[in-house]
Each structure stands twice: as structure tokens, then as C-alpha cells.
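Structure file entry-v8.cif; described as mmCIF, C-alpha atoms and all ligand atoms.
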data_structure
loop_
_atom_site.label_atom_id
_atom_site.label_comp_id
_atom_site.auth_asym_id
_atom_site.auth_seq_id
_atom_site.Cartn_x
_atom_site.Cartn_y
_atom_site.Cartn_z
CA MET A 24 -0.05 3.82 2.17
CA PRO A 25 -3.21 3.62 0.20
CA ASN A 26 -4.00 4.80 -3.23
CA ASN A 27 -7.69 5.54 -3.48
CA THR A 28 -10.12 3.27 -5.24
CA PRO A 29 -13.65 4.38 -6.18
CA SER A 30 -15.18 2.50 -3.26
CA GLN A 31 -12.57 3.40 -0.66
CA HIS A 32 -12.79 6.72 1.16
CA TRP A 33 -10.13 7.42 3.72
CA GLN A 34 -10.67 9.49 6.81
CA ALA A 35 -7.31 10.76 7.93
CA ASP A 36 -8.17 10.53 11.64
CA ALA A 37 -9.51 6.96 11.41
CA TYR A 38 -6.54 5.98 9.27
CA ALA A 39 -4.13 7.37 11.87
CA ARG A 40 -5.99 5.52 14.66
CA ASN A 41 -6.34 2.10 13.00
CA ALA A 42 -3.36 2.01 10.68
CA ARG A 43 -0.52 4.13 12.09
CA PHE A 44 1.59 0.95 12.04
CA VAL A 45 1.65 1.25 8.23
CA ALA A 46 4.04 4.19 8.40
CA ASP A 47 5.91 2.79 11.42
CA TYR A 48 6.79 -0.37 9.50
CA GLY A 49 7.75 1.68 6.44
CA THR A 50 10.58 3.55 8.18
CA PRO A 51 13.33 0.93 7.39
CA LEU A 52 12.39 1.25 3.72
CA ILE A 53 13.70 4.81 3.85
CA ASP A 54 17.14 3.39 4.77
CA LEU A 55 16.95 1.23 1.64
CA LEU A 56 16.00 4.30 -0.40
CA ALA A 57 19.07 6.10 1.00
CA PRO A 58 17.83 9.57 0.02
CA GLN A 59 20.56 12.11 -0.72
CA PRO A 60 20.17 15.85 -0.06
CA HIS A 61 18.65 17.73 -3.02
CA GLU A 62 17.40 14.60 -4.75
CA ARG A 63 13.91 14.91 -6.22
CA ILE A 64 11.79 12.03 -4.91
CA LEU A 65 8.23 10.93 -5.67
CA ASP A 66 6.35 9.18 -2.84
CA LEU A 67 3.82 7.07 -4.73
CA GLY A 68 0.77 6.47 -2.53
CA CYS A 69 1.96 8.94 0.13
CA GLY A 70 -1.15 8.63 2.30
CA ASP A 71 -1.11 11.21 5.11
CA GLY A 72 2.53 12.05 4.35
CA VAL A 73 4.21 10.70 7.50
CA LEU A 74 6.96 8.93 5.51
CA THR A 75 7.15 11.68 2.84
CA GLN A 76 7.97 14.04 5.71
CA LYS A 77 10.81 11.78 6.86
CA ILE A 78 12.26 11.75 3.35
CA ALA A 79 11.85 15.53 3.03
CA ASP A 80 13.66 15.92 6.38
CA THR A 81 16.80 14.43 4.78
CA GLY A 82 16.97 17.49 2.51
CA CYS A 83 15.18 16.06 -0.53
CA ASP A 84 12.69 17.80 -2.75
CA THR A 85 9.65 15.52 -2.36
CA VAL A 86 6.36 15.18 -4.19
CA GLY A 87 3.68 13.04 -2.57
CA LEU A 88 0.96 11.54 -4.74
CA ASP A 89 -2.14 9.75 -3.50
CA GLY A 90 -5.57 8.94 -4.85
CA SER A 91 -7.32 10.07 -1.68
CA ALA A 92 -8.23 13.77 -1.46
CA GLU A 93 -8.61 13.41 2.33
CA LEU A 94 -5.12 11.98 2.81
CA VAL A 95 -3.54 14.47 0.38
CA ALA A 96 -5.14 17.26 2.45
CA ALA A 97 -3.65 15.68 5.61
CA ALA A 98 -0.20 15.54 3.95
CA ARG A 99 -0.49 19.20 2.97
CA THR A 100 -1.16 20.18 6.58
CA LEU A 101 2.41 18.95 7.26
CA GLY A 102 3.62 21.53 4.72
CA LEU A 103 4.35 18.89 2.08
CA ASN A 104 4.00 19.20 -1.67
CA ALA A 105 1.26 16.60 -2.22
CA VAL A 106 -1.03 16.05 -5.19
CA GLN A 107 -4.07 13.91 -5.76
CA GLY A 108 -3.62 11.50 -8.66
CA ASP A 109 -3.89 7.94 -9.90
CA GLY A 110 -0.66 5.95 -9.65
CA GLN A 111 -1.80 3.97 -12.69
CA LYS A 112 -1.80 7.15 -14.82
CA LEU A 113 1.48 8.86 -13.94
CA ALA A 114 2.43 11.59 -16.40
CA PHE A 115 5.86 12.66 -15.05
CA LYS A 116 8.69 12.71 -17.60
CA HIS A 117 12.17 11.62 -16.42
CA GLU A 118 12.30 14.14 -13.58
CA PHE A 119 12.81 12.06 -10.40
CA ASP A 120 16.00 10.63 -8.93
CA ALA A 121 13.91 8.04 -7.08
CA VAL A 122 10.36 6.80 -6.68
CA PHE A 123 9.48 5.49 -3.21
CA SER A 124 6.35 3.54 -2.33
CA ASN A 125 5.25 1.99 0.97
CA ALA A 126 2.12 -0.15 1.37
CA ALA A 127 0.42 1.34 -1.68
CA LEU A 128 1.22 -0.68 -4.81
CA HIS A 129 -1.19 -3.49 -3.85
CA TRP A 130 -4.07 -1.00 -4.27
CA MET A 131 -3.10 -0.38 -7.92
CA THR A 132 -4.32 -3.46 -9.74
CA ASP A 133 -3.01 -2.32 -13.15
CA ALA A 134 0.58 -3.02 -12.09
CA GLU A 135 1.84 -2.85 -15.68
CA ALA A 136 0.61 0.76 -15.98
CA VAL A 137 2.19 1.65 -12.63
CA VAL A 138 5.62 0.25 -13.53
CA ALA A 139 5.51 1.87 -17.00
CA GLY A 140 4.61 5.22 -15.39
CA VAL A 141 7.40 4.92 -12.80
CA ALA A 142 9.94 4.11 -15.54
CA GLN A 143 8.82 7.23 -17.40
CA ALA A 144 8.97 9.35 -14.22
CA LEU A 145 12.58 8.39 -13.41
CA LYS A 146 15.81 9.85 -14.72
CA PRO A 147 18.14 7.20 -16.23
CA GLY A 148 19.77 5.38 -13.29
CA GLY A 149 16.91 6.41 -10.99
CA ARG A 150 15.80 4.08 -8.18
CA PHE A 151 12.38 2.54 -7.59
CA VAL A 152 12.27 1.38 -3.95
CA GLY A 153 9.13 -0.11 -2.56
CA GLU A 154 7.30 -2.48 -0.27
CA PHE A 155 3.76 -3.74 -0.56
CA GLY A 156 1.56 -6.78 -0.03
CA GLY A 157 2.89 -9.91 -1.74
CA SER A 158 1.54 -13.34 -2.52
CA GLY A 159 -0.36 -14.76 0.52
CA ASN A 160 -0.91 -11.35 2.13
CA ILE A 161 -3.85 -11.03 4.56
CA ALA A 162 -5.08 -14.52 3.61
CA ALA A 163 -7.11 -14.85 6.83
CA PHE A 164 -9.00 -11.59 6.21
CA GLN A 165 -9.69 -12.59 2.63
CA THR A 166 -10.98 -16.02 3.72
CA ALA A 167 -13.14 -14.49 6.46
CA LEU A 168 -14.68 -11.91 4.12
CA ARG A 169 -15.31 -14.45 1.33
CA GLN A 170 -17.01 -16.81 3.80
CA ALA A 171 -19.30 -14.08 5.18
CA LEU A 172 -20.22 -12.94 1.65
CA HIS A 173 -20.67 -16.48 0.32
CA ALA A 174 -23.11 -17.26 3.16
CA ARG A 175 -25.34 -14.49 1.72
CA GLY A 176 -24.94 -15.55 -1.92
CA LEU A 177 -22.55 -12.64 -2.55
CA GLN A 178 -19.10 -12.58 -4.15
CA ALA A 179 -16.05 -10.60 -3.10
CA ARG A 180 -14.64 -8.06 -5.55
CA GLU A 181 -11.04 -8.55 -6.70
CA CYS A 182 -9.38 -5.34 -5.57
CA TRP A 183 -5.80 -6.05 -4.54
CA TYR A 184 -2.60 -7.03 -6.34
CA PHE A 185 -0.38 -9.39 -4.31
CA PRO A 186 2.28 -10.77 -6.70
CA THR A 187 5.08 -13.28 -6.15
CA ALA A 188 8.67 -11.97 -6.21
CA GLU A 189 9.26 -13.77 -9.51
CA ALA A 190 6.25 -12.16 -11.20
CA TYR A 191 7.15 -8.66 -9.97
CA ARG A 192 10.81 -9.00 -10.93
CA ALA A 193 9.72 -10.05 -14.45
CA LEU A 194 7.40 -7.03 -14.70
CA LEU A 195 10.15 -4.63 -13.59
CA GLU A 196 12.66 -6.14 -16.02
CA GLN A 197 10.18 -5.91 -18.91
CA HIS A 198 10.06 -2.16 -18.29
CA GLY A 199 13.80 -1.55 -18.33
CA PHE A 200 14.70 -2.00 -14.65
CA SER A 201 17.47 -4.08 -13.19
CA VAL A 202 16.51 -5.57 -9.83
CA PRO A 203 19.39 -5.85 -7.34
CA HIS A 204 17.03 -6.82 -4.53
CA ILE A 205 13.58 -8.37 -4.29
CA ALA A 206 12.24 -10.59 -1.50
CA LEU A 207 8.93 -11.84 -0.15
CA PHE A 208 8.73 -12.23 3.64
CA PRO A 209 6.05 -12.69 6.30
CA ARG A 210 5.56 -9.73 8.62
CA PRO A 211 3.17 -10.71 11.42
CA THR A 212 1.54 -7.43 12.40
CA PRO A 213 -0.18 -6.69 15.74
CA LEU A 214 -3.42 -4.83 15.11
CA PRO A 215 -4.07 -1.93 17.50
CA THR A 216 -7.86 -2.20 17.06
CA GLY A 217 -8.20 -5.95 16.33
CA ALA A 218 -9.76 -7.62 13.30
CA ALA A 219 -12.86 -5.40 13.50
CA GLY A 220 -10.78 -2.20 13.33
CA TRP A 221 -8.78 -3.55 10.38
CA LEU A 222 -11.92 -4.54 8.48
CA ASP A 223 -13.58 -1.16 9.18
CA THR A 224 -10.53 0.59 7.74
CA PHE A 225 -9.65 -1.63 4.79
CA ALA A 226 -12.37 -4.13 3.76
CA GLU A 227 -14.61 -1.78 1.78
CA PRO A 228 -13.14 -2.38 -1.71
CA MET A 229 -13.76 -6.14 -1.41
CA LEU A 230 -17.45 -5.68 -0.67
CA PRO A 231 -20.16 -5.76 -3.36
CA ALA A 232 -23.25 -3.54 -3.10
CA MET A 233 -25.56 -4.54 -0.23
CA SER A 234 -27.87 -3.02 2.36
CA ASN A 235 -26.47 -1.24 5.42
CA ALA A 236 -27.73 -4.04 7.66
CA GLU A 237 -26.06 -6.71 5.52
CA HIS A 238 -22.88 -4.67 5.38
CA ALA A 239 -22.70 -4.45 9.17
CA ALA A 240 -23.47 -8.18 9.51
CA VAL A 241 -20.80 -9.19 6.96
CA LEU A 242 -18.14 -7.12 8.73
CA ALA A 243 -19.10 -8.43 12.17
CA GLU A 244 -19.11 -12.04 10.97
CA ALA A 245 -15.83 -11.64 9.07
CA ALA A 246 -14.23 -10.04 12.16
CA ALA A 247 -15.32 -12.95 14.34
CA THR A 248 -13.98 -15.49 11.81
CA ALA A 249 -10.70 -13.61 11.34
CA GLU A 250 -10.21 -13.57 15.13
CA THR A 251 -10.43 -17.38 15.12
CA LEU A 252 -8.00 -17.74 12.17
CA LEU A 253 -5.32 -15.32 13.37
CA PRO A 254 -2.91 -15.79 16.27
CA HIS A 255 -2.95 -13.55 19.34
CA GLU A 256 -0.11 -12.26 21.45
CA ASN A 257 -0.34 -10.20 24.63
CA GLY A 258 -4.05 -9.68 23.99
CA GLN A 259 -3.50 -8.35 20.45
CA THR A 260 -4.60 -9.91 17.17
CA ILE A 261 -1.65 -10.58 14.86
CA ALA A 262 -2.44 -10.08 11.17
CA ASP A 263 -0.83 -12.31 8.53
CA TYR A 264 0.85 -9.64 6.45
CA VAL A 265 3.30 -10.76 3.74
CA ARG A 266 5.55 -8.07 2.27
CA LEU A 267 7.26 -7.84 -1.10
CA ARG A 268 10.24 -5.49 -0.80
CA PHE A 269 12.40 -4.44 -3.74
CA VAL A 270 15.06 -2.10 -5.07
CA ALA A 271 15.04 -1.56 -8.84
CA VAL A 272 17.21 0.71 -10.97
CA TYR A 273 15.86 2.21 -14.20
CA GLY A 274 18.17 1.59 -17.14
CA GLY A 275 20.67 0.17 -14.67
C1 LIG B 1 -1.44 -4.22 3.24
O1 LIG B 1 -0.80 -3.25 3.69
O2 LIG B 1 -0.90 -5.27 2.96
C2 LIG B 1 -2.92 -4.09 3.03
C3 LIG B 1 -3.62 -3.15 3.72
C4 LIG B 1 -4.95 -3.03 3.50
C5 LIG B 1 -5.60 -3.83 2.59
C6 LIG B 1 -4.89 -4.76 1.90
C7 LIG B 1 -3.54 -4.91 2.12
#

What does this structure look like when you write it as C-alpha cells?
Ligand code: BEZ
Amino acid sequence: MPNNTPSQHWQADAYARNARFVADYGTPLIDLLAPQPHERILDLGCGDGVLTQKIADTGCDTVGLDGSAELVAAARTLGLNAVQGDGQKLAFKHEFDAVFSNAALHWMTDAEAVVAGVAQALKPGGRFVGEFGGSGNIAAFQTALRQALHARGLQARECWYFPTAEAYRALLEQHGFSVPHIALFPRPTPLPTGAAGWLDTFAEPMLPAMSNAEHAAVLAEAAATAETLLPHENGQTIADYVRLRFVAVYGG
């Protein structure tokens, strides 16, 4: 789930149409979280709250946090306790039994601040369970966008954090976590609306300022290139997602 960046504005309906798979793939992560009734759990980067709802349904007291006002509003329509906030500036003090995060941490480029804030938010022995884009994630989209920008003398903005398992383990350990599980794995992902739909939904933060006409041309060209770089199955484009999944225990 996304955490907002200044140049990324999420429309809950478009997000649901183009990126519902984000929550679908996140469901097994809830098994890894193993939420227990009455636990207090923070969903960091809760998006429209679909997974927060599943956690709440197990009898937990959940708080969803996301940078996007639109997605927080969508989460609240489900009856969830959701707040708008920056995951890089968490101010909770040792009040959560667990922090959960699906497909959001790669949007928070100050990973050190995120991990420090999560450590401070957890009770001693609390779990940090998450999955996000790891090293090599969406390489084809990044190549396609860089090529389209470069052809116009423009440079992509660095907007995502895709670490290796070794680098993320080291960061967690530096902040007082033990890490019983961390693994990087490819997760080929069929795109319901093809490369163009993916780029419309997610590419914005990589794009520098440019005219509307240039913007449309860059996205169209990048979509065409990405379609040539990515495999297809049963008429669907398969995106080259790579996931980093981990379980960490604070003070454990
Ligand atoms: C991801 O879930 O890996 C992702 C989604 C959008 C932009 C970048 C990464």
C-alpha cells in the first residue's frame, strides 16, 4: 500500500481498479503476522484499508496510517480507525503489539527514520512484519521510464527504496530488532490494466516537471517499451515485481 509522496495523489477508485492485486497479494502476510485478539496493531501505509480490515476482523484494535488523504478517507468508509501521517515521522511511544506493512515501505525513502519510528512505536517484544519492493523490483518499468525521459534530455527522480535482504536486516538490527525471517523473492505479477494502467497509477513520482503533452508522450512511450520488456501470459502483461518479506522482533 502506498504512503503518499508530494507528487503522488491517489484516487481510491483508480487505485482499486488498477492495483487491487496489491491487497490480494498481501493476504498471506497476515498469516505471518498471526494477529491475536485484542492486540493493538499499526498498519503502516494502510492505503484504502482492505488489509487493515482483515486484521481488525481477527479481533485486533487496529490503527491505519497512510500519507494519502484520499486513501485514508476510503479506509474510514470501512469504519476503520485511520489517520493521515508520514511513516518517516512516526510519533507513537511503545504502544503497539505489532506493526504491519504491505507494499508501502518502498515509498518511504528515509528507511532509517521509518525503522527508528517503528522501534519506538512497539512494545518490547513487539513484531514488525512487512513486505515491500526489494532489490531489482520493477526493473523493466524503471528502464522504460528512464529511456523515455532520457530521449527528451530529462532525468528520472529517485523516489523508491528497494534494498537487498542483507541491507535491510542490518538496518533492523541496528535499531534493536532481531530478524528471524527475511527473504527476497521474485513475484511475477499479472497486471489487470497492462503496462499503461500500471504507469498511470504509479509512475508519477519518477517524473520530473514537464508539459502535459510531454508527460503523455513519456507515459505512452514507456508503456510501449515496458510491454516489449515484460513477459505476457494469457493476454496479460506480467510485471517483474521482487518482494522483500520479513519478520522482526523488537528487543527480541
Ligand atoms: C511495488 O509494489 O513494488 C511498487 C508499486 C508501485 C511503485 C513502485 C513499486

Given 5 Å on each side, where is the centre and what are the edge lengths in Å to one decimal of the axis-aligned box enclosing the listed atoms of stretch 93-97 of chain A, as JSON?
{"center_x": -6.1, "center_y": 14.6, "center_z": 3.0, "size_x": 15.1, "size_y": 15.3, "size_z": 15.2}

Response to the item:
ligand LIG 1 (chain B) proximity check over A:His129, A:Arg192, A:Arg268, A:Arg169, using all atoms listed in the file: winner is A:His129

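Using all atoms listed in the file for every distance, the candidate list A:Val202, A:Val95, A:Ala240, A:Met131 yields A:Met131 as the residue closest to ligand LIG 1 (chain B).
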
Item to complete: Name all residues at most 8 Å from stretch 250-259 of chain A (count only C-alpha atoms; drop same-chain ones fewer than 2 positions away) and give them as a list in words.
Response: Ala163, Pro213, Leu214, Pro215, Gly217, Ala218, Ala246, Ala247, Thr248, Ile261, Ala262 and Asp263 of chain A

Discussion item. Using all atoms listed in the file, which residues of the polymer chains come no farther than 6 Å from ligand LIG 1 (chain B)? I'd like the answer as a ChimeraX atom specification.
Written reply: /A:126,156,225,264

Worksheet item: What is the distance between atom CA of A:Val141 and atom CA of A:Ala127, in Å to one decimal?
Response: 13.6 Å

Discussion item. Would you compute the distance between atom CA of A:Pro231 and atom CA of A:Asp109? Give it in Å to one decimal.
Written reply: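 Distance reported for this atom pair: 22.3 Å.
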
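Interatomic distance, atom CA of A:Ser234 against atom CA of A:Leu94: 27.3 Å.
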
Worksheet item: Taking all atoms listed in the file into account, which of A:Pro211, A:Gly102, A:Gly68, A:Gly148 comes nearest A:Trp130?
Response: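 Of A:Pro211, A:Gly102, A:Gly68, A:Gly148, the one nearest A:Trp130, counting all atoms listed in the file, is A:Gly68.
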
Worksheet item: Nearest to A:Leu113 among A:Ala92, A:Val137, A:Leu222, A:Ala57, with distances taken over all atoms listed in the file: which residue is it?
Response: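 Distance minimum relative to A:Leu113 lands on A:Val137.
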
Discussion item. I want to know what sits within 9 Å of A:Ile205, based on all atoms listed in the file, with residues of the same chain fewer than 6 positions away left out; could you give that as a PyMOL selection string?
Written reply: chain A and resi 188-189+191-192+267-271

Worksheet item: From the list A:Phe123, A:Tyr273, A:Phe115, A:Tyr184, which residue is nearest A:Lys77 when using all atoms listed in the file?
Response: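 For A:Lys77, the nearest of the candidates is A:Phe123.
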
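Each of A:Ala179, A:Leu194, A:Ala121, A:Ala206 was compared to A:Arg266 using all atoms listed in the file, and A:Ala206 turns out to be the nearest.
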
Discussion item. At a cut-off of 12 Å around the point (16.9, 8.9, 0.2) (file coordinates), what residues fall inside when counting all atoms listed in the file? I'd like the answer as a VMD selection string.
Written reply: chain A and resid 50 to 66 74 to 85 119 to 123 149 to 152

Writing out the chosen residues with C-alpha atoms as a CSV table (one decimal), keeping the file's coordinate frame:
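Final output, saved to part.csv:
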chain,number,residue,atom,x,y,z
A,50,THR,CA,10.6,3.6,8.2
A,51,PRO,CA,13.3,0.9,7.4
A,52,LEU,CA,12.4,1.2,3.7
A,53,ILE,CA,13.7,4.8,3.8
A,54,ASP,CA,17.1,3.4,4.8
A,55,LEU,CA,17.0,1.2,1.6
A,56,LEU,CA,16.0,4.3,-0.4
A,57,ALA,CA,19.1,6.1,1.0
A,58,PRO,CA,17.8,9.6,0.0
A,59,GLN,CA,20.6,12.1,-0.7
A,60,PRO,CA,20.2,15.8,-0.1
A,61,HIS,CA,18.6,17.7,-3.0
A,62,GLU,CA,17.4,14.6,-4.8
A,63,ARG,CA,13.9,14.9,-6.2
A,64,ILE,CA,11.8,12.0,-4.9
A,65,LEU,CA,8.2,10.9,-5.7
A,66,ASP,CA,6.4,9.2,-2.8
A,74,LEU,CA,7.0,8.9,5.5
A,75,THR,CA,7.2,11.7,2.8
A,76,GLN,CA,8.0,14.0,5.7
A,77,LYS,CA,10.8,11.8,6.9
A,78,ILE,CA,12.3,11.8,3.4
A,79,ALA,CA,11.8,15.5,3.0
A,80,ASP,CA,13.7,15.9,6.4
A,81,THR,CA,16.8,14.4,4.8
A,82,GLY,CA,17.0,17.5,2.5
A,83,CYS,CA,15.2,16.1,-0.5
A,84,ASP,CA,12.7,17.8,-2.8
A,85,THR,CA,9.6,15.5,-2.4
A,119,PHE,CA,12.8,12.1,-10.4
A,120,ASP,CA,16.0,10.6,-8.9
A,121,ALA,CA,13.9,8.0,-7.1
A,122,VAL,CA,10.4,6.8,-6.7
A,123,PHE,CA,9.5,5.5,-3.2
A,149,GLY,CA,16.9,6.4,-11.0
A,150,ARG,CA,15.8,4.1,-8.2
A,151,PHE,CA,12.4,2.5,-7.6
A,152,VAL,CA,12.3,1.4,-4.0

Item to complete: Fewer than 5 positions away in the same chain doesn't count, so skip those; otherwise give me all residues within 10 Å of A:Gly49, counting all atoms listed in the file, as a PyMOL selection string.
Response: chain A and resi 24+44+54+73-74+124-126+153-155

Repair of stretch 107-118 of chain A at the level of all heavy atoms, as an mmCIF file, in the coordinates of the input:
data_model
loop_
_atom_site.group_PDB
_atom_site.id
_atom_site.type_symbol
_atom_site.label_atom_id
_atom_site.label_comp_id
_atom_site.auth_asym_id
_atom_site.auth_seq_id
_atom_site.Cartn_x
_atom_site.Cartn_y
_atom_site.Cartn_z
ATOM 1 N N GLN A 107 -3.163 15.044 -5.597
ATOM 2 C CA GLN A 107 -4.070 13.910 -5.760
ATOM 3 C C GLN A 107 -3.897 13.362 -7.177
ATOM 4 O O GLN A 107 -3.850 14.145 -8.149
ATOM 5 C CB GLN A 107 -5.514 14.353 -5.554
ATOM 6 C CG GLN A 107 -6.467 13.156 -5.518
ATOM 7 C CD GLN A 107 -7.930 13.570 -5.400
ATOM 8 O OE1 GLN A 107 -8.235 14.762 -5.365
ATOM 9 N NE2 GLN A 107 -8.803 12.599 -5.352
ATOM 10 N N GLY A 108 -3.780 12.063 -7.317
ATOM 11 C CA GLY A 108 -3.620 11.500 -8.660
ATOM 12 C C GLY A 108 -3.660 9.985 -8.595
ATOM 13 O O GLY A 108 -3.564 9.386 -7.524
ATOM 14 N N ASP A 109 -3.803 9.396 -9.769
ATOM 15 C CA ASP A 109 -3.890 7.940 -9.900
ATOM 16 C C ASP A 109 -2.506 7.395 -10.259
ATOM 17 O O ASP A 109 -1.949 7.768 -11.300
ATOM 18 C CB ASP A 109 -4.920 7.618 -11.001
ATOM 19 C CG ASP A 109 -5.164 6.128 -11.152
ATOM 20 O OD1 ASP A 109 -4.372 5.321 -10.629
ATOM 21 O OD2 ASP A 109 -6.162 5.772 -11.793
ATOM 22 N N GLY A 110 -1.984 6.528 -9.414
ATOM 23 C CA GLY A 110 -0.660 5.950 -9.650
ATOM 24 C C GLY A 110 -0.609 5.095 -10.902
ATOM 25 O O GLY A 110 0.482 4.736 -11.365
ATOM 26 N N GLN A 111 -1.752 4.770 -11.452
ATOM 27 C CA GLN A 111 -1.800 3.970 -12.690
ATOM 28 C C GLN A 111 -1.797 4.877 -13.924
ATOM 29 O O GLN A 111 -1.845 4.397 -15.052
ATOM 30 C CB GLN A 111 -3.056 3.081 -12.678
ATOM 31 C CG GLN A 111 -3.012 2.099 -11.514
ATOM 32 C CD GLN A 111 -4.382 1.569 -11.115
ATOM 33 O OE1 GLN A 111 -4.580 0.375 -11.045
ATOM 34 N NE2 GLN A 111 -5.328 2.447 -10.866
ATOM 35 N N LYS A 112 -1.776 6.197 -13.694
ATOM 36 C CA LYS A 112 -1.800 7.150 -14.820
ATOM 37 C C LYS A 112 -0.755 8.238 -14.608
ATOM 38 O O LYS A 112 -1.049 9.423 -14.786
ATOM 39 C CB LYS A 112 -3.192 7.780 -14.933
ATOM 40 C CG LYS A 112 -4.264 6.777 -15.302
ATOM 41 C CD LYS A 112 -5.617 7.429 -15.417
ATOM 42 C CE LYS A 112 -6.668 6.362 -15.719
ATOM 43 N NZ LYS A 112 -8.007 6.775 -15.370
ATOM 44 N N LEU A 113 0.436 7.860 -14.208
ATOM 45 C CA LEU A 113 1.480 8.860 -13.940
ATOM 46 C C LEU A 113 1.877 9.543 -15.245
ATOM 47 O O LEU A 113 2.013 8.880 -16.273
ATOM 48 C CB LEU A 113 2.706 8.189 -13.313
ATOM 49 C CG LEU A 113 2.510 7.549 -11.934
ATOM 50 C CD1 LEU A 113 3.790 6.862 -11.481
ATOM 51 C CD2 LEU A 113 2.069 8.590 -10.906
ATOM 52 N N ALA A 114 2.095 10.856 -15.178
ATOM 53 C CA ALA A 114 2.430 11.590 -16.400
ATOM 54 C C ALA A 114 3.765 12.324 -16.271
ATOM 55 O O ALA A 114 4.080 13.188 -17.083
ATOM 56 C CB ALA A 114 1.304 12.567 -16.739
ATOM 57 N N PHE A 115 4.559 11.990 -15.236
ATOM 58 C CA PHE A 115 5.860 12.660 -15.050
ATOM 59 C C PHE A 115 6.831 12.163 -16.126
ATOM 60 O O PHE A 115 6.781 11.003 -16.543
ATOM 61 C CB PHE A 115 6.428 12.337 -13.659
ATOM 62 C CG PHE A 115 5.518 12.749 -12.524
ATOM 63 C CD1 PHE A 115 4.797 11.804 -11.802
ATOM 64 C CD2 PHE A 115 5.393 14.088 -12.173
ATOM 65 C CE1 PHE A 115 3.961 12.166 -10.755
ATOM 66 C CE2 PHE A 115 4.563 14.474 -11.117
ATOM 67 C CZ PHE A 115 3.839 13.501 -10.415
ATOM 68 N N LYS A 116 7.748 13.063 -16.522
ATOM 69 C CA LYS A 116 8.690 12.710 -17.600
ATOM 70 C C LYS A 116 10.136 12.814 -17.121
ATOM 71 O O LYS A 116 10.691 13.905 -17.079
ATOM 72 C CB LYS A 116 8.487 13.634 -18.802
ATOM 73 C CG LYS A 116 7.140 13.463 -19.514
ATOM 74 C CD LYS A 116 7.262 12.467 -20.646
ATOM 75 C CE LYS A 116 5.958 11.911 -21.148
ATOM 76 N NZ LYS A 116 4.819 12.734 -21.266
ATOM 77 N N HIS A 117 10.743 11.715 -16.748
ATOM 78 C CA HIS A 117 12.170 11.620 -16.420
ATOM 79 C C HIS A 117 12.661 12.770 -15.541
ATOM 80 O O HIS A 117 13.628 13.434 -15.855
ATOM 81 C CB HIS A 117 12.980 11.513 -17.720
ATOM 82 C CG HIS A 117 12.512 10.350 -18.559
ATOM 83 N ND1 HIS A 117 12.536 9.056 -18.109
ATOM 84 C CD2 HIS A 117 11.953 10.312 -19.796
ATOM 85 C CE1 HIS A 117 12.030 8.245 -19.023
ATOM 86 N NE2 HIS A 117 11.653 8.987 -20.056
ATOM 87 N N GLU A 118 11.934 13.005 -14.441
ATOM 88 C CA GLU A 118 12.300 14.140 -13.580
ATOM 89 C C GLU A 118 12.677 13.740 -12.149
ATOM 90 O O GLU A 118 13.100 14.595 -11.383
ATOM 91 C CB GLU A 118 11.156 15.155 -13.545
ATOM 92 C CG GLU A 118 9.839 14.615 -13.026
ATOM 93 C CD GLU A 118 8.694 15.609 -13.258
ATOM 94 O OE1 GLU A 118 8.072 15.554 -14.331
ATOM 95 O OE2 GLU A 118 8.458 16.408 -12.350
#
